[in-house]
file coords.cif (mmCIF, C-alpha atoms)
data_my_file
#
loop_
_atom_site.label_atom_id
_atom_site.label_comp_id
_atom_site.auth_asym_id
_atom_site.auth_seq_id
_atom_site.Cartn_x
_atom_site.Cartn_y
_atom_site.Cartn_z
CA MET A 1 90.61 38.60 143.54
CA SER A 2 90.02 38.45 147.28
CA ARG A 3 89.08 35.10 148.80
CA ALA A 4 86.27 36.92 150.58
CA SER A 5 84.70 38.15 147.36
CA ARG A 6 83.95 37.22 143.76
CA VAL A 7 84.67 40.83 142.74
CA ALA A 8 88.02 41.47 141.02
CA CYS A 9 89.76 44.86 141.06
CA SER A 10 91.65 45.72 137.87
CA ILE A 11 94.18 48.06 139.52
CA ASP A 12 96.70 47.88 142.35
CA LEU A 13 95.34 50.00 145.19
CA ASP A 14 98.65 50.04 147.07
CA GLY A 15 101.21 51.60 144.74
CA PRO A 16 101.93 55.33 144.29
CA GLY A 17 100.52 57.64 141.64
CA ARG A 18 97.21 57.88 139.79
CA ARG A 19 95.53 54.66 138.74
CA VAL A 20 92.08 54.32 137.20
CA GLY A 21 90.31 51.01 136.70
CA TYR A 22 87.22 49.08 137.62
CA LEU A 23 85.74 46.39 139.79
CA GLY A 24 84.75 43.38 137.73
CA VAL A 25 81.41 42.32 139.20
CA SER A 26 80.41 39.01 137.65
CA PHE A 27 76.90 39.02 136.22
CA SER A 28 75.17 36.59 133.91
CA ASP A 29 71.70 37.17 132.46
CA ASP A 30 69.87 36.71 129.17
CA THR A 31 71.82 39.57 127.57
CA HIS A 32 75.26 39.12 129.15
CA ALA A 33 76.11 35.46 129.58
CA TYR A 34 79.71 35.86 130.76
CA GLY A 35 80.18 39.58 131.30
CA VAL A 36 81.19 41.78 134.21
CA ILE A 37 79.83 45.07 135.46
CA PRO A 38 82.84 47.46 135.33
CA VAL A 39 82.29 49.63 138.42
CA PRO A 40 84.77 52.57 138.24
CA ILE A 41 87.42 52.84 140.94
CA ALA A 42 90.52 55.02 141.13
CA VAL A 43 93.34 55.76 143.54
CA LEU A 44 95.50 58.84 144.06
CA ALA A 45 98.48 57.97 146.25
CA GLY A 46 101.43 60.07 147.36
CA GLY A 47 103.68 59.69 150.37
CA ALA A 48 103.00 58.07 153.70
CA GLY A 49 99.73 59.02 155.37
CA PRO A 50 96.11 58.02 155.93
CA THR A 51 93.72 56.50 153.41
CA VAL A 52 90.41 58.25 152.71
CA LEU A 53 87.54 56.66 150.79
CA LEU A 54 85.36 59.02 148.74
CA THR A 55 82.14 57.63 147.28
CA ALA A 56 79.22 58.88 145.19
CA GLY A 57 76.60 57.29 142.96
CA VAL A 58 75.41 54.97 145.71
CA HIS A 59 72.06 56.09 144.31
CA GLY A 60 72.17 56.62 140.58
CA ASP A 61 70.01 59.76 140.39
CA GLU A 62 72.20 61.86 142.72
CA TYR A 63 74.76 63.88 140.80
CA GLU A 64 76.74 66.52 142.70
CA GLY A 65 79.00 63.95 144.34
CA GLN A 66 79.62 62.16 141.06
CA ILE A 67 80.83 65.42 139.52
CA VAL A 68 83.02 66.37 142.50
CA LEU A 69 84.85 63.03 142.59
CA ARG A 70 85.50 63.01 138.85
CA ARG A 71 86.93 66.52 139.06
CA LEU A 72 89.19 65.62 141.98
CA LEU A 73 90.47 62.57 140.12
CA ARG A 74 91.44 64.69 137.13
CA GLU A 75 92.90 67.68 138.96
CA ILE A 76 94.73 66.43 142.06
CA ASP A 77 98.44 65.77 141.57
CA PRO A 78 99.08 62.58 143.58
CA THR A 79 102.68 63.60 144.27
CA THR A 80 101.34 66.42 146.49
CA LEU A 81 99.42 64.01 148.75
CA SER A 82 100.41 62.61 152.12
CA GLY A 83 98.53 59.37 151.97
CA ARG A 84 95.96 57.91 149.62
CA ILE A 85 92.52 58.78 148.25
CA ILE A 86 90.35 55.97 146.91
CA LEU A 87 87.52 57.24 144.72
CA MET A 88 84.35 55.44 143.65
CA PRO A 89 82.23 58.01 141.77
CA ALA A 90 79.58 55.51 140.58
CA VAL A 91 79.30 52.89 143.32
CA ASN A 92 76.07 51.43 141.95
CA LEU A 93 77.00 51.74 138.28
CA PRO A 94 73.85 50.04 136.90
CA ALA A 95 71.71 52.55 138.81
CA VAL A 96 73.89 55.46 137.60
CA ARG A 97 73.57 54.35 133.99
CA ALA A 98 69.80 54.07 134.35
CA ALA A 99 69.45 57.37 136.30
CA ARG A 100 67.62 55.44 139.01
CA ARG A 101 67.86 55.20 142.77
CA THR A 102 68.05 51.42 142.59
CA SER A 103 69.76 48.98 140.27
CA PRO A 104 67.73 47.91 137.21
CA LEU A 105 69.50 44.54 137.32
CA ASP A 106 68.36 43.32 140.73
CA GLY A 107 66.29 46.17 142.21
CA GLY A 108 69.01 46.66 144.81
CA ASN A 109 69.27 49.87 146.83
CA MET A 110 72.99 50.09 147.58
CA ASN A 111 72.41 51.95 150.85
CA ARG A 112 70.23 49.05 152.03
CA ALA A 113 72.59 46.30 150.80
CA PHE A 114 75.40 46.17 153.37
CA PRO A 115 77.05 43.93 154.47
CA GLY A 116 76.02 42.24 151.21
CA GLY A 117 77.13 38.79 150.14
CA ALA A 118 79.73 37.26 147.84
CA ASP A 119 77.17 34.94 146.24
CA SER A 120 74.30 37.42 145.97
CA GLY A 121 73.18 39.78 143.19
CA PRO A 122 75.34 42.59 141.77
CA THR A 123 74.33 45.22 144.32
CA ALA A 124 75.07 42.96 147.28
CA GLN A 125 78.36 41.80 145.70
CA ILE A 126 79.58 45.40 145.44
CA ALA A 127 78.51 46.15 149.01
CA HIS A 128 80.23 42.99 150.25
CA TRP A 129 83.51 43.90 148.51
CA ILE A 130 83.46 47.42 149.95
CA GLU A 131 82.77 46.16 153.49
CA THR A 132 85.11 43.17 153.56
CA VAL A 133 87.97 44.27 151.28
CA LEU A 134 88.03 48.06 150.94
CA LEU A 135 86.92 49.55 154.26
CA PRO A 136 89.57 47.68 156.30
CA GLU A 137 92.16 49.59 154.22
CA CYS A 138 90.71 53.01 155.11
CA ASP A 139 91.09 55.52 157.94
CA ALA A 140 88.16 57.79 157.06
CA ALA A 141 85.34 57.99 154.53
CA LEU A 142 82.94 60.50 152.96
CA ASP A 143 79.82 59.44 151.04
CA LEU A 144 78.19 62.15 148.91
CA HIS A 145 74.42 62.01 148.33
CA SER A 146 71.56 64.28 147.32
CA GLY A 147 67.81 63.81 147.33
CA GLY A 148 67.57 62.21 143.91
CA ARG A 149 64.28 62.39 142.04
CA THR A 150 62.10 62.17 145.12
CA ALA A 151 63.52 64.53 147.75
CA GLU A 152 64.91 67.97 148.50
CA TYR A 153 67.35 68.31 151.41
CA LEU A 154 68.54 71.21 153.46
CA PRO A 155 72.29 70.80 152.73
CA CYS A 156 73.67 68.76 155.60
CA SER A 157 76.04 66.10 156.84
CA TYR A 158 74.66 62.91 158.35
CA VAL A 159 76.55 61.37 161.27
CA TYR A 160 75.75 58.15 163.08
CA GLU A 161 75.73 59.24 166.71
CA GLY A 162 78.08 57.69 169.26
CA GLY A 163 80.49 54.84 168.71
CA PRO A 164 84.28 54.78 169.18
CA CYS A 165 84.81 57.37 166.40
CA ALA A 166 82.20 59.82 167.71
CA VAL A 167 84.56 62.76 168.21
CA GLU A 168 86.31 62.33 164.88
CA LYS A 169 83.00 62.01 162.98
CA ILE A 170 81.85 65.36 164.35
CA ALA A 171 85.25 66.83 163.46
CA LEU A 172 84.82 65.58 159.88
CA ALA A 173 81.34 67.11 159.73
CA ARG A 174 82.61 70.44 161.04
CA ALA A 175 85.41 70.40 158.47
CA PHE A 176 82.90 69.63 155.68
CA GLY A 177 81.04 72.76 156.73
CA ALA A 178 77.46 72.09 155.66
CA PRO A 179 74.94 74.40 157.35
CA ILE A 180 73.48 71.47 159.31
CA THR A 181 74.96 68.30 160.80
CA VAL A 182 72.30 65.69 161.51
CA LEU A 183 72.99 63.27 164.37
CA VAL A 184 71.25 59.96 163.71
CA GLY A 185 70.64 57.67 166.68
CA SER A 186 67.85 55.14 167.07
CA THR A 187 66.62 55.76 163.52
CA ALA A 188 69.99 54.81 161.96
CA GLU A 189 69.83 52.33 159.09
CA ASP A 190 72.10 49.29 159.71
CA ARG A 191 72.31 48.29 156.01
CA SER A 192 74.00 51.50 154.79
CA LEU A 193 77.58 52.35 153.89
CA SER A 194 77.69 54.47 157.06
CA ALA A 195 76.73 51.40 159.08
CA ALA A 196 79.46 49.39 157.37
CA ALA A 197 82.00 52.05 158.38
CA GLU A 198 80.69 51.87 161.96
CA ARG A 199 81.26 48.12 161.99
CA ALA A 200 84.79 48.66 160.66
CA GLY A 201 85.56 51.32 163.28
CA ILE A 202 86.16 54.01 160.63
CA ALA A 203 85.19 57.66 161.01
CA MET A 204 82.72 58.45 158.25
CA ILE A 205 80.15 61.07 157.37
CA ALA A 206 77.56 61.16 154.62
CA ALA A 207 76.36 64.37 152.99
CA GLU A 208 72.92 65.15 151.60
CA ILE A 209 73.04 68.04 149.13
CA ALA A 210 69.95 69.43 147.34
CA GLY A 211 67.89 67.03 145.20
CA GLY A 212 65.47 66.71 142.31
CA ALA A 213 67.85 64.60 140.16
CA ALA A 214 69.38 67.87 138.95
CA VAL A 215 72.70 69.62 139.55
CA SER A 216 72.43 72.66 141.80
CA PRO A 217 75.42 75.03 141.44
CA PRO A 218 75.20 76.21 145.11
CA ALA A 219 74.94 72.59 146.30
CA LEU A 220 77.81 71.57 144.03
CA ALA A 221 79.95 74.32 145.56
CA ILE A 222 79.16 73.05 149.08
CA ALA A 223 80.06 69.48 148.12
CA ASP A 224 83.24 70.54 146.32
CA ALA A 225 84.56 72.80 149.08
CA GLY A 226 83.48 70.40 151.81
CA THR A 227 85.21 67.39 150.26
CA CYS A 228 88.49 69.26 149.91
CA ALA A 229 88.17 70.52 153.48
CA VAL A 230 87.72 66.94 154.72
CA LEU A 231 90.85 65.85 152.83
CA ARG A 232 92.81 68.69 154.42
CA HIS A 233 91.40 67.91 157.86
CA VAL A 234 92.45 64.25 157.64
CA GLY A 235 95.90 65.31 156.46
CA VAL A 236 95.93 63.73 153.01
CA MET A 237 95.84 67.03 151.13
CA GLY A 238 97.91 70.07 152.00
CA GLY A 239 96.80 73.66 152.18
CA GLN A 240 95.42 76.06 154.73
CA GLN A 241 92.68 74.55 156.90
CA ALA A 242 90.49 77.65 157.04
CA GLU A 243 87.70 78.09 159.56
CA SER A 244 84.41 77.37 157.76
CA GLU A 245 82.32 80.42 157.03
CA ARG A 246 79.24 78.25 157.57
CA ARG A 247 79.32 77.18 161.23
CA THR A 248 77.46 73.90 161.18
CA ARG A 249 74.52 73.47 163.57
CA LEU A 250 73.97 70.11 165.23
CA VAL A 251 70.50 68.63 164.76
CA ARG A 252 69.23 65.36 166.18
CA ILE A 253 66.54 63.01 164.84
CA PRO A 254 65.66 61.28 168.13
CA ASP A 255 62.87 58.96 166.97
CA ARG A 256 60.46 58.12 164.17
CA ARG A 257 57.94 60.76 165.25
CA HIS A 258 60.07 63.12 163.17
CA PHE A 259 59.11 61.34 159.93
CA VAL A 260 55.84 62.41 158.32
CA PHE A 261 54.11 59.91 156.02
CA CYS A 262 51.25 60.23 153.55
CA PRO A 263 48.03 58.73 154.96
CA ARG A 264 46.24 58.27 151.62
CA PRO A 265 46.89 58.54 147.87
CA GLY A 266 46.48 61.91 146.25
CA VAL A 267 48.12 65.14 145.17
CA VAL A 268 50.32 66.61 147.89
CA GLU A 269 50.17 70.34 148.57
CA PRO A 270 53.11 71.04 150.92
CA ARG A 271 52.76 73.67 153.61
CA ALA A 272 56.40 73.63 154.75
CA MET A 273 59.82 73.75 153.11
CA PRO A 274 63.34 72.64 154.12
CA GLY A 275 64.76 75.22 156.51
CA ASP A 276 61.39 76.07 158.09
CA THR A 277 60.93 75.72 161.84
CA VAL A 278 57.67 73.99 162.76
CA ALA A 279 55.87 72.93 165.94
CA ALA A 280 54.04 69.73 166.75
CA GLY A 281 50.54 70.01 165.32
CA ASP A 282 51.47 72.48 162.58
CA LEU A 283 50.05 71.75 159.15
CA ALA A 284 52.58 69.85 157.03
CA ALA A 285 50.55 69.24 153.87
CA VAL A 286 47.09 68.68 152.49
CA ILE A 287 46.28 65.70 150.27
CA HIS A 288 43.83 66.29 147.43
CA ASP A 289 41.62 63.37 146.36
CA LEU A 290 42.31 62.17 142.81
CA ASP A 291 38.83 60.87 142.02
CA ASP A 292 36.42 63.20 143.80
CA PRO A 293 37.16 66.87 143.05
CA ALA A 294 34.56 67.96 145.64
CA ALA A 295 36.11 65.97 148.48
CA GLN A 296 37.67 67.95 151.31
CA PRO A 297 41.50 67.58 151.32
CA THR A 298 43.06 65.46 154.05
CA GLU A 299 45.24 67.45 156.44
CA VAL A 300 48.59 66.03 157.52
CA ARG A 301 50.25 67.54 160.59
CA PHE A 302 53.70 67.34 162.11
CA ILE A 303 53.82 64.95 165.06
CA ALA A 304 57.14 66.34 166.30
CA GLY A 305 58.34 69.89 165.74
CA GLY A 306 61.77 71.15 164.83
CA LEU A 307 63.71 72.13 161.74
CA VAL A 308 62.42 70.77 158.43
CA LEU A 309 65.36 68.86 156.92
CA VAL A 310 63.87 67.17 153.88
CA ARG A 311 60.64 67.10 151.88
CA ARG A 312 59.19 64.91 149.19
CA LEU A 313 59.28 66.41 145.68
CA PRO A 314 56.81 64.45 143.50
CA ALA A 315 53.32 65.84 143.99
CA LEU A 316 51.57 62.52 143.41
CA ALA A 317 51.93 60.28 146.46
CA ALA A 318 50.67 56.90 147.62
CA ALA A 319 49.67 55.93 151.13
CA GLY A 320 52.87 55.32 153.11
CA ASP A 321 55.12 57.63 151.07
CA TYR A 322 57.26 59.92 153.20
CA LEU A 323 56.51 63.63 153.09
CA PHE A 324 58.89 65.36 155.53
CA THR A 325 61.64 64.80 158.06
CA THR A 326 62.25 67.17 160.96
CA GLY A 327 65.06 67.39 163.49
CA GLU A 328 65.65 69.06 166.83
CA LEU A 329 68.47 71.58 167.24
CA VAL A 330 70.98 70.39 169.82
CA PRO A 331 71.23 73.00 172.63
CA GLU A 332 74.62 74.63 173.09
CA ASP A 333 75.06 73.13 176.57
CA ASP A 334 74.39 69.61 175.20
CA ARG A 335 76.82 69.69 172.31
CA ASN A 336 79.80 68.26 174.14
CA GLN A 337 77.64 65.44 175.49
CA SER A 338 76.43 64.57 172.01
CA ILE A 339 79.91 63.95 170.65
CA ARG A 340 81.32 61.79 173.42
CA PRO A 341 82.38 58.28 172.38
CA ALA A 342 80.18 55.44 173.51
CA ALA A 343 81.29 53.75 176.73
CA ALA A 344 83.56 50.77 176.22
#
call {"tool": "encode", "arguments": {"input": "coords.cif", "output": "structure tokens"}}
result
Amino acid sequence: MSRASRVACSIDLDGPGRRVGYLGVSFSDDTHAYGVIPVPIAVLAGGAGPTVLLTAGVHGDEYEGQIVLRRLLREIDPTTLSGRIILMPAVNLPAVRAARRTSPLDGGNMNRAFPGGADSGPTAQIAHWIETVLLPECDAALDLHSGGRTAEYLPCSYVYEGGPCAVEKIALARAFGAPITVLVGSTAEDRSLSAAAERAGIAMIAAEIAGGAAVSPPALAIADAGTCAVLRHVGVMGGQQAESERRTRLVRIPDRRHFVFCPRPGVVEPRAMPGDTVAAGDLAAVIHDLDDPAAQPTEVRFIAGGLVLVRRLPALAAAGDYLFTTGELVPEDDRNQSIRPAAA
């Protein structure tokens, strides 16, 4: 057990070979007086080389990444590796078990829990252990997401723009090979796993693949191939580093004008889909009144144009629910500028 954390890891992360165990997250409630939450963790370690952290299940209703990491754990021969892969396929295990975005134990959203706290609830304890104990051991990281129950994404990588690892983050995204790489600047969330990696000075990308709390075979193929390509790019896994057939396009979300929110409760009729190109003022959706069937629908328009990256899936929405996110394609002559490291 680390002095910095109350979380205990059941396996040695430093030795060679394949080891599978769990994090013992202490939790006491009316049902479990002295139990632990056994969050799965595994390591595949070969010879000398870098350490890569692979995570999924940060949100419990997102499945492609969970499948990919379990398959890799079973199929990769650790003796063929140059370095180490640490896998956490169900980071927020209570949420995974409950098929929910957030933990049923404490309501915690793992991607809003970092840096966490050693003396906080289960979600924050896990986040704290990852940030204070695990990330300092790593050289690169990949966090696999999808849209869960509420969203549908254009398959993409998400990269926090700038920072000392700016060039390597873009290189990871290009190796992953999603059709789109989204550069996140002023709208970046500072309580996410990506933000924790930024604080640790580790090159990391997140991926958003499909959605709907289902498993999409095309999205699963993107996540599977992309994860292996990242491992080859970093140098942990051998094999030919082929040029991606899907040349990723850089997209930027410059400000919050690119988020469209629902102005009133009702039934949402979308007028755009992920992959569409829209202009400012274009119709995004109409909201149908629940109580008055004769009422004229409320029109919702895009404030900022661009490529539609994500849309809400549930038709019933409350005031303040998100509806769409758009992004602006980065011009060819601005691409080198966008990947420069931040000034020291």
call {"tool": "residues_around", "arguments": {"input": "coords.cif", "residues": "A:Leu316", "least_positions_apart": "3", "cutoff": "8 Å", "atoms": "all atoms listed in the file", "output": "PyMOL selection string"}}
result
chain A and resi 265-268
call {"tool": "residues_around", "arguments": {"input": "coords.cif", "residues": "A:Arg19", "least_positions_apart": "6", "cutoff": "12 Å", "atoms": "only C-alpha atoms", "output": "ChimeraX atom specification"}}
result
/A:9-13,40-46,73-74,77-78,84-87
call {"tool": "resolve_selection", "arguments": {"input": "coords.cif", "expression": "the PyMOL selection byres ((chain A and resi 309) around 7)", "output": "list of chain:residue names"}}
result
A:Tyr153, A:Leu154, A:Pro274, A:Gly275, A:Leu307, A:Val308, A:Val310, A:Thr325, A:Thr326, A:Gly327
call {"tool": "resolve_selection", "arguments": {"input": "coords.cif", "expression": "the PyMOL selection byres ((chain A and resi 196-209) around 8)", "output": "PyMOL selection string"}}
result
chain A and resi 64+114-115+131+135-136+138-147+153-160+163-166+168-169+172-173+190-195+210-211+219-220+222-223
call {"tool": "atom_distance", "arguments": {"input": "coords.cif", "atom1": "atom CA of A:Gly83", "atom2": "atom CA of A:Thr181"}}
result
26.7 Å
call {"tool": "residues_around", "arguments": {"input": "coords.cif", "residues": "A:Phe27", "least_positions_apart": "6", "cutoff": "8 Å", "atoms": "all atoms listed in the file", "output": "ChimeraX atom specification"}}
result
/A:33-37,121-122
call {"tool": "resolve_selection", "arguments": {"input": "coords.cif", "expression": "the PyMOL selection byres ((chain A and resi 227-239) around 7)", "output": "ChimeraX atom specification"}}
result
/A:49-50,81-84,172,175-176,223-226,240-241
call {"tool": "build_atoms", "arguments": {"input": "coords.cif", "residues": "stretch 100-117 of chain A", "atoms": "N, CA and C atoms", "output": "short mmCIF file (atom, residue, chain, number, x, y, z; two decimals), keeping the file's coordinate frame"}}
result
data_model
loop_
_atom_site.label_atom_id
_atom_site.label_comp_id
_atom_site.auth_asym_id
_atom_site.auth_seq_id
_atom_site.Cartn_x
_atom_site.Cartn_y
_atom_site.Cartn_z
N ARG A 100 68.59 55.93 138.04
CA ARG A 100 67.62 55.44 139.01
C ARG A 100 68.24 55.35 140.40
N ARG A 101 67.39 55.38 141.40
CA ARG A 101 67.86 55.20 142.77
C ARG A 101 68.37 53.78 142.99
N THR A 102 67.71 52.82 142.38
CA THR A 102 68.05 51.42 142.59
C THR A 102 68.54 50.79 141.29
N SER A 103 69.20 49.65 141.43
CA SER A 103 69.76 48.98 140.27
C SER A 103 68.67 48.36 139.41
N PRO A 104 68.70 48.57 138.08
CA PRO A 104 67.73 47.91 137.21
C PRO A 104 68.00 46.42 137.05
N LEU A 105 69.16 45.96 137.48
CA LEU A 105 69.50 44.54 137.32
C LEU A 105 68.86 43.67 138.39
N ASP A 106 68.88 44.15 139.63
CA ASP A 106 68.36 43.32 140.73
C ASP A 106 67.45 44.09 141.68
N GLY A 107 67.13 45.36 141.34
CA GLY A 107 66.29 46.17 142.21
C GLY A 107 66.98 46.60 143.49
N GLY A 108 68.29 46.41 143.57
CA GLY A 108 69.01 46.66 144.81
C GLY A 108 69.24 48.14 145.09
N ASN A 109 68.94 48.55 146.32
CA ASN A 109 69.27 49.87 146.83
C ASN A 109 70.59 49.71 147.57
N MET A 110 71.66 50.30 147.02
CA MET A 110 72.99 50.09 147.58
C MET A 110 73.08 50.48 149.05
N ASN A 111 72.34 51.51 149.45
CA ASN A 111 72.41 51.95 150.85
C ASN A 111 71.48 51.15 151.74
N ARG A 112 70.96 50.04 151.22
CA ARG A 112 70.23 49.05 152.03
C ARG A 112 70.78 47.66 151.76
N ALA A 113 72.02 47.58 151.25
CA ALA A 113 72.59 46.30 150.80
C ALA A 113 73.71 45.77 151.67
N PHE A 114 74.26 46.59 152.55
CA PHE A 114 75.40 46.17 153.37
C PHE A 114 74.94 45.28 154.52
N PRO A 115 75.70 44.28 154.91
CA PRO A 115 77.05 43.93 154.47
C PRO A 115 77.13 43.18 153.15
N GLY A 116 76.00 42.90 152.50
CA GLY A 116 76.02 42.24 151.21
C GLY A 116 76.39 40.78 151.31
N GLY A 117 76.77 40.20 150.17
CA GLY A 117 77.13 38.79 150.14
C GLY A 117 77.89 38.47 148.87
#
